[in-house]
file start.txt (compact mmCIF, C-alpha atoms)
# COMPACT_ATOMS: atom_id res chain seq x y z
CA MET A 1 -27.44 42.71 9.54
CA SER A 2 -24.42 44.66 8.29
CA ASP A 3 -24.50 46.30 4.86
CA ASN A 4 -21.67 46.10 2.34
CA ALA A 5 -22.92 48.67 -0.15
CA SER A 6 -21.80 52.27 -0.10
CA THR A 7 -24.62 54.64 0.81
CA THR A 8 -22.82 57.48 -0.94
CA ASN A 9 -22.33 55.79 -4.30
CA PRO A 10 -25.51 54.11 -5.60
CA SER A 11 -23.58 52.59 -8.51
CA LEU A 12 -21.97 50.23 -5.99
CA LEU A 13 -25.30 48.50 -5.33
CA LEU A 14 -24.35 45.69 -7.69
CA GLN A 15 -21.34 45.00 -5.45
CA ASP A 16 -23.63 44.64 -2.42
CA THR A 17 -23.28 41.03 -1.29
CA PHE A 18 -24.69 38.87 1.48
CA THR A 19 -23.39 35.66 2.99
CA VAL A 20 -25.35 32.50 3.77
CA GLY A 21 -23.32 29.99 5.70
CA SER A 22 -20.08 29.50 3.79
CA ARG A 23 -21.33 31.04 0.53
CA THR A 24 -21.53 34.67 -0.64
CA PHE A 25 -24.00 35.97 -3.22
CA SER A 26 -24.66 39.17 -5.15
CA SER A 27 -28.29 38.61 -6.17
CA ARG A 28 -30.78 38.95 -3.32
CA LEU A 29 -33.58 37.39 -5.37
CA LEU A 30 -34.00 33.63 -4.94
CA VAL A 31 -36.37 31.78 -7.24
CA GLY A 32 -38.08 28.41 -7.45
CA THR A 33 -38.53 26.04 -10.35
CA GLY A 34 -42.11 24.79 -10.07
CA LYS A 35 -45.34 25.55 -11.96
CA TYR A 36 -43.79 26.67 -15.28
CA LYS A 37 -45.36 25.33 -18.48
CA ASP A 38 -42.14 23.62 -19.56
CA MET A 39 -38.42 23.51 -18.86
CA THR A 40 -37.64 26.04 -21.57
CA GLU A 41 -39.79 28.64 -19.85
CA THR A 42 -38.24 27.66 -16.52
CA GLY A 43 -34.74 28.31 -17.78
CA THR A 44 -35.62 31.55 -19.55
CA ALA A 45 -37.48 33.04 -16.58
CA ILE A 46 -34.75 32.14 -14.11
CA ALA A 47 -32.14 33.71 -16.38
CA ALA A 48 -34.26 36.90 -16.60
CA SER A 49 -34.44 37.08 -12.80
CA ALA A 50 -30.63 37.18 -12.49
CA ALA A 51 -31.00 34.93 -9.44
CA GLU A 52 -27.95 33.02 -8.25
CA ILE A 53 -29.77 30.70 -5.84
CA VAL A 54 -32.42 28.43 -7.36
CA THR A 55 -34.52 26.27 -5.09
CA VAL A 56 -35.61 22.78 -6.16
CA ALA A 57 -38.32 20.62 -4.56
CA ILE A 58 -36.55 17.26 -4.43
CA ARG A 59 -39.77 15.30 -3.88
CA ARG A 60 -41.45 16.86 -6.93
CA VAL A 61 -38.84 17.27 -9.67
CA ASN A 62 -36.16 15.13 -11.25
CA ILE A 63 -32.54 16.12 -10.71
CA GLY A 64 -31.14 12.73 -11.61
CA GLN A 65 -33.03 10.30 -9.41
CA ASN A 66 -35.19 9.24 -12.40
CA ARG A 67 -32.84 8.54 -15.29
CA ASP A 68 -35.60 8.09 -17.89
CA GLU A 69 -37.16 11.54 -17.28
CA PRO A 70 -36.03 15.06 -18.26
CA ASN A 71 -33.51 16.41 -15.77
CA LEU A 72 -34.11 19.91 -14.40
CA LEU A 73 -30.36 20.40 -14.07
CA ASP A 74 -30.15 20.48 -17.86
CA VAL A 75 -31.70 23.98 -17.79
CA ILE A 76 -30.41 25.21 -14.43
CA SER A 77 -26.85 23.95 -14.39
CA PRO A 78 -25.07 23.70 -11.00
CA ASP A 79 -22.10 25.25 -12.80
CA LYS A 80 -24.09 28.49 -13.16
CA TYR A 81 -26.48 28.47 -10.20
CA THR A 82 -26.34 27.45 -6.57
CA ILE A 83 -28.95 24.73 -6.33
CA LEU A 84 -30.94 24.96 -3.09
CA PRO A 85 -32.73 21.65 -2.43
CA ASN A 86 -35.89 22.14 -0.41
CA THR A 87 -38.15 19.79 1.48
CA ALA A 88 -41.46 21.02 0.03
CA GLY A 89 -44.18 18.45 0.58
CA CYS A 90 -42.76 17.17 3.87
CA PHE A 91 -45.11 17.12 6.85
CA ASP A 92 -42.81 15.61 9.48
CA ALA A 93 -39.19 15.88 10.52
CA GLU A 94 -38.27 12.38 9.43
CA SER A 95 -39.29 12.84 5.80
CA ALA A 96 -37.59 16.26 5.65
CA ILE A 97 -34.34 14.83 6.98
CA ARG A 98 -34.48 11.94 4.52
CA THR A 99 -35.12 14.34 1.62
CA CYS A 100 -32.11 16.49 2.51
CA LYS A 101 -29.87 13.45 2.69
CA LEU A 102 -31.11 12.30 -0.72
CA ALA A 103 -30.35 15.73 -2.16
CA ARG A 104 -26.84 15.62 -0.75
CA GLU A 105 -26.23 12.30 -2.47
CA LEU A 106 -27.67 13.47 -5.80
CA LEU A 107 -25.65 16.71 -5.74
CA GLY A 108 -22.31 15.23 -4.81
CA GLY A 109 -22.12 16.25 -1.16
CA HIS A 110 -23.91 19.62 -1.47
CA ASN A 111 -24.84 20.69 2.08
CA LEU A 112 -26.85 23.93 1.67
CA VAL A 113 -30.57 23.13 2.00
CA LYS A 114 -33.86 24.87 2.58
CA LEU A 115 -35.83 23.16 5.32
CA GLU A 116 -39.58 23.40 5.37
CA VAL A 117 -41.85 21.13 7.39
CA LEU A 118 -45.50 21.86 6.79
CA GLY A 119 -48.37 21.66 9.25
CA ASP A 120 -51.34 20.97 6.98
CA GLU A 121 -52.24 20.81 3.30
CA LYS A 122 -54.76 23.67 3.42
CA THR A 123 -52.53 26.48 4.69
CA LEU A 124 -49.05 24.98 4.17
CA TYR A 125 -48.19 26.80 7.37
CA PRO A 126 -44.93 25.64 8.98
CA ASN A 127 -45.06 23.04 11.74
CA VAL A 128 -42.67 24.69 14.18
CA ILE A 129 -42.18 21.67 16.45
CA GLU A 130 -41.22 19.36 13.56
CA THR A 131 -39.12 22.11 11.97
CA LEU A 132 -37.06 22.53 15.15
CA LYS A 133 -36.60 18.78 15.41
CA ALA A 134 -35.43 18.42 11.80
CA ALA A 135 -33.17 21.47 11.99
CA LYS A 136 -31.23 20.07 14.94
CA VAL A 137 -30.60 16.72 13.24
CA LEU A 138 -29.55 18.32 9.96
CA ILE A 139 -27.22 20.86 11.57
CA ASP A 140 -25.59 18.12 13.63
CA ASP A 141 -25.11 16.16 10.39
CA GLY A 142 -23.18 19.00 8.74
CA PHE A 143 -25.93 20.68 6.71
CA GLU A 144 -26.16 24.46 6.30
CA VAL A 145 -29.85 24.99 6.95
CA MET A 146 -31.92 27.84 5.58
CA VAL A 147 -35.27 27.44 7.31
CA TYR A 148 -38.85 28.34 6.37
CA SER A 149 -40.65 29.56 9.47
CA SER A 150 -43.62 31.44 10.82
CA ASP A 151 -43.16 35.17 11.35
CA ASP A 152 -42.68 34.65 15.09
CA PRO A 153 -39.62 36.51 16.47
CA ILE A 154 -39.14 33.97 19.29
CA VAL A 155 -39.16 31.02 16.91
CA ALA A 156 -36.73 32.88 14.65
CA GLN A 157 -34.34 33.44 17.55
CA GLU A 158 -34.50 29.79 18.54
CA LEU A 159 -33.74 28.62 14.99
CA GLU A 160 -30.80 31.00 14.79
CA SER A 161 -29.43 29.89 18.16
CA MET A 162 -29.55 26.28 16.97
CA GLY A 163 -27.27 27.16 14.07
CA CYS A 164 -29.54 27.79 11.08
CA VAL A 165 -27.66 29.94 8.54
CA ALA A 166 -30.73 31.90 7.37
CA ILE A 167 -34.22 32.52 8.72
CA MET A 168 -37.00 32.59 6.13
CA PRO A 169 -40.29 33.82 7.64
CA LEU A 170 -43.38 33.76 5.47
CA GLY A 171 -44.79 37.02 4.17
CA SER A 172 -48.14 35.29 3.82
CA LEU A 173 -49.27 31.78 2.91
CA ILE A 174 -47.35 29.88 0.23
CA GLY A 175 -48.76 30.61 -3.22
CA SER A 176 -51.32 33.11 -1.90
CA GLY A 177 -49.87 36.24 -3.53
CA LEU A 178 -51.09 38.31 -0.57
CA GLY A 179 -47.75 40.01 0.00
CA VAL A 180 -46.19 40.92 3.35
CA LEU A 181 -49.13 40.94 5.76
CA ASN A 182 -47.34 41.60 9.05
CA ARG A 183 -44.56 44.12 8.61
CA HIS A 184 -44.19 44.68 12.36
CA THR A 185 -43.25 41.11 13.34
CA LEU A 186 -41.02 40.83 10.28
CA SER A 187 -39.21 43.99 11.37
CA LEU A 188 -38.72 42.52 14.85
CA ILE A 189 -37.14 39.40 13.35
CA ILE A 190 -34.82 41.50 11.19
CA GLU A 191 -33.76 43.73 14.09
CA ASN A 192 -32.85 40.77 16.31
CA ALA A 193 -31.17 38.54 13.71
CA ASN A 194 -27.46 37.97 13.24
CA VAL A 195 -27.99 35.77 10.20
CA PRO A 196 -29.71 36.68 6.91
CA VAL A 197 -33.49 37.07 6.98
CA LEU A 198 -35.27 36.35 3.71
CA VAL A 199 -39.01 36.59 3.08
CA ASP A 200 -40.21 33.23 1.83
CA ALA A 201 -43.77 32.80 0.53
CA GLY A 202 -46.65 35.09 -0.26
CA VAL A 203 -45.09 37.51 -2.77
CA GLY A 204 -47.54 38.28 -5.56
CA THR A 205 -46.06 41.16 -7.51
CA ALA A 206 -43.04 43.44 -7.69
CA SER A 207 -44.21 45.89 -5.01
CA ASP A 208 -44.38 43.03 -2.47
CA ALA A 209 -40.72 42.21 -3.09
CA ALA A 210 -39.76 45.87 -2.83
CA ILE A 211 -41.60 46.24 0.51
CA ALA A 212 -39.78 43.23 1.97
CA MET A 213 -36.43 44.70 0.94
CA GLU A 214 -37.33 48.18 2.20
CA LEU A 215 -37.98 46.66 5.64
CA GLY A 216 -34.38 45.45 5.67
CA CYS A 217 -34.71 41.84 4.53
CA ASP A 218 -31.52 40.37 3.10
CA GLY A 219 -33.41 38.74 0.24
CA VAL A 220 -36.69 37.40 -1.09
CA LEU A 221 -37.54 33.90 -2.30
CA MET A 222 -40.44 33.38 -4.68
CA ASN A 223 -41.86 30.94 -7.20
CA SER A 224 -45.59 31.33 -7.82
CA ALA A 225 -45.41 35.10 -8.33
CA ILE A 226 -43.23 34.54 -11.38
CA ALA A 227 -44.42 31.17 -12.67
CA ASN A 228 -48.13 32.01 -12.38
CA ALA A 229 -47.83 35.43 -14.04
CA GLN A 230 -49.32 35.81 -17.50
CA ASN A 231 -45.81 36.54 -18.74
CA PRO A 232 -43.39 34.76 -16.37
CA VAL A 233 -40.24 35.99 -18.10
CA MET A 234 -41.35 39.63 -17.90
CA MET A 235 -42.37 39.20 -14.27
CA ALA A 236 -38.99 37.65 -13.44
CA HIS A 237 -37.32 40.72 -14.91
CA ALA A 238 -39.64 42.99 -12.90
CA MET A 239 -38.82 41.12 -9.69
CA LYS A 240 -35.10 41.58 -10.29
CA HIS A 241 -35.55 45.34 -10.42
CA ALA A 242 -38.01 45.37 -7.49
CA VAL A 243 -35.45 43.70 -5.24
CA TRP A 244 -32.77 46.14 -6.39
CA ALA A 245 -35.08 49.13 -5.81
CA GLY A 246 -36.18 47.96 -2.38
CA ARG A 247 -32.62 47.28 -1.29
CA GLU A 248 -31.40 50.68 -2.50
CA ALA A 249 -34.30 52.43 -0.76
CA PHE A 250 -33.41 50.65 2.48
CA LEU A 251 -29.77 51.68 2.20
CA ALA A 252 -30.73 55.26 1.33
CA GLY A 253 -32.88 55.59 4.46
CA ARG A 254 -36.49 56.64 4.00
CA MET A 255 -37.86 59.96 5.20
CA PRO A 256 -39.72 59.87 8.53
CA MET A 257 -43.48 59.48 8.46
CA ARG A 258 -45.50 62.44 9.77
CA LYS A 259 -49.14 62.85 10.67
CA MET A 260 -49.33 66.36 9.22
CA ALA A 261 -48.15 68.02 6.03
CA THR A 262 -44.73 69.61 5.71
CA ALA A 263 -44.15 72.06 2.85
CA SER A 264 -41.72 70.87 0.19
CA SER A 265 -40.46 74.39 -0.54
CA PRO A 266 -38.40 76.26 2.11
CA GLN A 267 -40.29 78.88 4.08
CA THR A 268 -37.31 80.73 5.57
CA GLY A 269 -34.50 82.91 4.26
CA TYR A 270 -36.66 85.06 1.98
CA PHE A 271 -38.13 88.56 2.44
CA PHE A 272 -41.39 89.54 0.90
CA GLN A 273 -42.95 93.03 0.85
call {"tool": "encode", "arguments": {"input": "start.txt", "output": "structure tokens"}}
result
Amino acid sequence: MSDNASTTNPSLLLQDTFTVGSRTFSSRLLVGTGKYKDMTETGTAIAASAAEIVTVAIRRVNIGQNRDEPNLLDVISPDKYTILPNTAGCFDAESAIRTCKLARELLGGHNLVKLEVLGDEKTLYPNVIETLKAAKVLIDDGFEVMVYSSDDPIVAQELESMGCVAIMPLGSLIGSGLGVLNRHTLSLIIENANVPVLVDAGVGTASDAAIAMELGCDGVLMNSAIANAQNPVMMAHAMKHAVWAGREAFLAGRMPMRKMATASSPQTGYFFQ
């Protein structure tokens, strides 16, 4: 992926944007809305994260479909955030497609969605066959599809060739907090992609987010790492800085790894008697 930030002026990092479909964003941290103790904490933590994209599980929260219940959009206004409806809890293409269409109706024609079709309740690993099936239908219906996937480079290429606007391989299992377990395959996906690649699932703490960004990911999506922290608001703030740090380190270009030591002080140009 191309980079917009200047590598000679670190102060320009805040002007470093990335584009998903027809939309452009400055924050590379995407956050979810589940598992917080109440809506006040939800709103405060999301604000602390400085995220611009906020993902919402349509099957699990109220964004207007239940008029007699608190509405999540009261604390994460669509006027301030880009709401990213997701199909969490869907285990087949049909239910995922139906959920996206419901979200489009509830959000006045909003077409940017996060597709995830799960394989089983124990691992929440993506069902690739059903994901491919749902992605094709949604893309043909005018949706801009960001897609949760396995960390398989071939699957990622297929989803991109179908027209998905972002590929979102897991770092590790959803809610596990195990971090990025397979950096090699993630790097292969990044190297081959012509659309944004965002790590989705498995982040547990700030260093996990930084590692994903250092590998060259365009962004990181997380929920449990913030919501399940002892202090979610503080963790949201930490994640904001971790994503910034990882992105800046990637743009700066890390030193090469060596098997043997290399002295930090110069050994030439001096004469000793």
call {"tool": "closest_residue", "arguments": {"input": "start.txt", "among": "A:Pro256, A:Gly108, A:Gly202, A:Pro169", "to": "A:Met146", "atoms": "all atoms listed in the file"}}
result
A:Pro169
call {"tool": "closest_residue", "arguments": {"input": "start.txt", "among": "A:Ile83, A:Gly21, A:Asp16, A:Thr33", "to": "A:Gly142", "atoms": "only C-alpha atoms"}}
result
A:Gly21
call {"tool": "residues_around", "arguments": {"input": "start.txt", "residues": "stretch 189-199 of chain A", "least_positions_apart": "6", "cutoff": "9 Å", "atoms": "all atoms listed in the file", "output": "ChimeraX atom specification"}}
result
/A:1-2,18-21,28,148,151-154,156-157,160,164-171,180,209,212-213,215-222
call {"tool": "atom_distance", "arguments": {"input": "start.txt", "atom1": "atom CA of A:Ala47", "atom2": "atom CA of A:Gly32"}}
result
12.0 Å
call {"tool": "closest_residue", "arguments": {"input": "start.txt", "among": "A:Leu124, A:Ser49, A:Arg60, A:Thr205", "to": "A:His241", "atoms": "all atoms listed in the file"}}
result
A:Ser49
call {"tool": "closest_residue", "arguments": {"input": "start.txt", "among": "A:Asp74, A:Glu248, A:Asp92, A:Glu69", "to": "A:Gln15", "atoms": "all atoms listed in the file"}}
result
A:Glu248
call {"tool": "closest_residue", "arguments": {"input": "start.txt", "among": "A:Lys101, A:Ile53, A:Ile76, A:Leu159", "to": "A:Glu41", "atoms": "only C-alpha atoms"}}
result
A:Ile76
call {"tool": "atom_distance", "arguments": {"input": "start.txt", "atom1": "atom CA of A:Leu29", "atom2": "atom CA of A:Ile58"}}
result
20.4 Å
call {"tool": "atom_distance", "arguments": {"input": "start.txt", "atom1": "atom CA of A:Leu30", "atom2": "atom CA of A:Thr55"}}
result
7.4 Å
call {"tool": "residues_around", "arguments": {"input": "start.txt", "residues": "A:Asn111", "least_positions_apart": "3", "cutoff": "12 Å", "atoms": "all atoms listed in the file", "output": "NGL selection string"}}
result
:A and (20-23 or 82-86 or 100-108 or 114-115 or 138-146 or 165)
call {"tool": "residues_near_point", "arguments": {"input": "start.txt", "point": "(-40.1, 20.8, 11.9)", "cutoff": "10 Å", "atoms": "all atoms listed in the file", "output": "VMD selection string"}}
result
chain A and resid 90 to 94 96 to 97 115 to 119 126 to 136 147 to 149
call {"tool": "closest_residue", "arguments": {"input": "start.txt", "among": "A:Met260, A:Val203, A:Ile211, A:Val31", "to": "A:Arg183", "atoms": "all atoms listed in the file"}}
result
A:Ile211
call {"tool": "residues_near_point", "arguments": {"input": "start.txt", "point": "(-47.1, 28.9, -14.3)", "cutoff": "8 Å", "atoms": "only C-alpha atoms", "output": "number ranges by chain"}}
result
A: 34-37, 224, 226-230, 232
call {"tool": "build_atoms", "arguments": {"input": "start.txt", "residues": "stretch 244-268 of chain A", "atoms": "N, CA and C atoms", "output": "PDB file, in the frame of the given file"}}
result
ATOM      1  N   TRP A 244     -33.806  45.089  -6.337  1.00  0.00           N
ATOM      2  CA  TRP A 244     -32.770  46.140  -6.390  1.00  0.00           C
ATOM      3  C   TRP A 244     -33.312  47.451  -5.807  1.00  0.00           C
ATOM      4  N   ALA A 245     -34.506  47.858  -6.257  1.00  0.00           N
ATOM      5  CA  ALA A 245     -35.080  49.130  -5.810  1.00  0.00           C
ATOM      6  C   ALA A 245     -35.336  49.130  -4.310  1.00  0.00           C
ATOM      7  N   GLY A 246     -35.900  48.043  -3.808  1.00  0.00           N
ATOM      8  CA  GLY A 246     -36.180  47.960  -2.380  1.00  0.00           C
ATOM      9  C   GLY A 246     -34.917  47.984  -1.546  1.00  0.00           C
ATOM     10  N   ARG A 247     -33.893  47.300  -2.006  1.00  0.00           N
ATOM     11  CA  ARG A 247     -32.620  47.280  -1.290  1.00  0.00           C
ATOM     12  C   ARG A 247     -31.990  48.681  -1.275  1.00  0.00           C
ATOM     13  N   GLU A 248     -32.002  49.351  -2.416  1.00  0.00           N
ATOM     14  CA  GLU A 248     -31.400  50.680  -2.500  1.00  0.00           C
ATOM     15  C   GLU A 248     -32.175  51.671  -1.638  1.00  0.00           C
ATOM     16  N   ALA A 249     -33.500  51.545  -1.604  1.00  0.00           N
ATOM     17  CA  ALA A 249     -34.300  52.430  -0.760  1.00  0.00           C
ATOM     18  C   ALA A 249     -33.977  52.209   0.715  1.00  0.00           C
ATOM     19  N   PHE A 250     -33.767  50.955   1.094  1.00  0.00           N
ATOM     20  CA  PHE A 250     -33.410  50.650   2.480  1.00  0.00           C
ATOM     21  C   PHE A 250     -32.061  51.272   2.840  1.00  0.00           C
ATOM     22  N   LEU A 251     -31.092  51.119   1.944  1.00  0.00           N
ATOM     23  CA  LEU A 251     -29.770  51.680   2.200  1.00  0.00           C
ATOM     24  C   LEU A 251     -29.786  53.208   2.224  1.00  0.00           C
ATOM     25  N   ALA A 252     -30.646  53.795   1.391  1.00  0.00           N
ATOM     26  CA  ALA A 252     -30.730  55.260   1.330  1.00  0.00           C
ATOM     27  C   ALA A 252     -31.331  55.843   2.606  1.00  0.00           C
ATOM     28  N   GLY A 253     -32.238  55.087   3.238  1.00  0.00           N
ATOM     29  CA  GLY A 253     -32.880  55.590   4.460  1.00  0.00           C
ATOM     30  C   GLY A 253     -34.089  56.434   4.126  1.00  0.00           C
ATOM     31  N   ARG A 254     -35.284  55.901   4.373  1.00  0.00           N
ATOM     32  CA  ARG A 254     -36.490  56.640   4.000  1.00  0.00           C
ATOM     33  C   ARG A 254     -36.717  57.847   4.897  1.00  0.00           C
ATOM     34  N   MET A 255     -37.461  58.800   4.405  1.00  0.00           N
ATOM     35  CA  MET A 255     -37.860  59.960   5.200  1.00  0.00           C
ATOM     36  C   MET A 255     -38.777  59.510   6.329  1.00  0.00           C
ATOM     37  N   PRO A 256     -38.809  60.247   7.437  1.00  0.00           N
ATOM     38  CA  PRO A 256     -39.720  59.870   8.530  1.00  0.00           C
ATOM     39  C   PRO A 256     -41.169  60.123   8.144  1.00  0.00           C
ATOM     40  N   MET A 257     -42.053  59.288   8.681  1.00  0.00           N
ATOM     41  CA  MET A 257     -43.480  59.480   8.460  1.00  0.00           C
ATOM     42  C   MET A 257     -43.997  60.550   9.418  1.00  0.00           C
ATOM     43  N   ARG A 258     -44.918  61.386   8.937  1.00  0.00           N
ATOM     44  CA  ARG A 258     -45.500  62.440   9.770  1.00  0.00           C
ATOM     45  C   ARG A 258     -47.021  62.410   9.646  1.00  0.00           C
ATOM     46  N   LYS A 259     -47.679  62.825  10.697  1.00  0.00           N
ATOM     47  CA  LYS A 259     -49.140  62.850  10.670  1.00  0.00           C
ATOM     48  C   LYS A 259     -49.682  64.064   9.920  1.00  0.00           C
ATOM     49  N   MET A 260     -48.875  65.140   9.859  1.00  0.00           N
ATOM     50  CA  MET A 260     -49.330  66.360   9.220  1.00  0.00           C
ATOM     51  C   MET A 260     -48.424  66.723   8.055  1.00  0.00           C
ATOM     52  N   ALA A 261     -48.909  67.616   7.206  1.00  0.00           N
ATOM     53  CA  ALA A 261     -48.150  68.020   6.030  1.00  0.00           C
ATOM     54  C   ALA A 261     -46.934  68.857   6.407  1.00  0.00           C
ATOM     55  N   THR A 262     -45.910  68.757   5.587  1.00  0.00           N
ATOM     56  CA  THR A 262     -44.730  69.610   5.710  1.00  0.00           C
ATOM     57  C   THR A 262     -44.422  70.138   4.315  1.00  0.00           C
ATOM     58  N   ALA A 263     -44.333  71.460   4.168  1.00  0.00           N
ATOM     59  CA  ALA A 263     -44.150  72.060   2.850  1.00  0.00           C
ATOM     60  C   ALA A 263     -42.847  71.577   2.206  1.00  0.00           C
ATOM     61  N   SER A 264     -42.905  71.312   0.919  1.00  0.00           N
ATOM     62  CA  SER A 264     -41.720  70.870   0.190  1.00  0.00           C
ATOM     63  C   SER A 264     -40.766  72.015  -0.082  1.00  0.00           C
ATOM     64  N   SER A 265     -41.294  73.215  -0.260  1.00  0.00           N
ATOM     65  CA  SER A 265     -40.460  74.390  -0.540  1.00  0.00           C
ATOM     66  C   SER A 265     -40.070  75.069   0.763  1.00  0.00           C
ATOM     67  N   PRO A 266     -38.843  75.594   0.869  1.00  0.00           N
ATOM     68  CA  PRO A 266     -38.400  76.260   2.110  1.00  0.00           C
ATOM     69  C   PRO A 266     -39.230  77.503   2.376  1.00  0.00           C
ATOM     70  N   GLN A 267     -39.478  77.734   3.672  1.00  0.00           N
ATOM     71  CA  GLN A 267     -40.290  78.880   4.080  1.00  0.00           C
ATOM     72  C   GLN A 267     -39.460  79.949   4.796  1.00  0.00           C
ATOM     73  N   THR A 268     -38.148  79.768   4.871  1.00  0.00           N
ATOM     74  CA  THR A 268     -37.310  80.730   5.570  1.00  0.00           C
ATOM     75  C   THR A 268     -36.204  81.231   4.645  1.00  0.00           C
TER      76      THR A 268
END
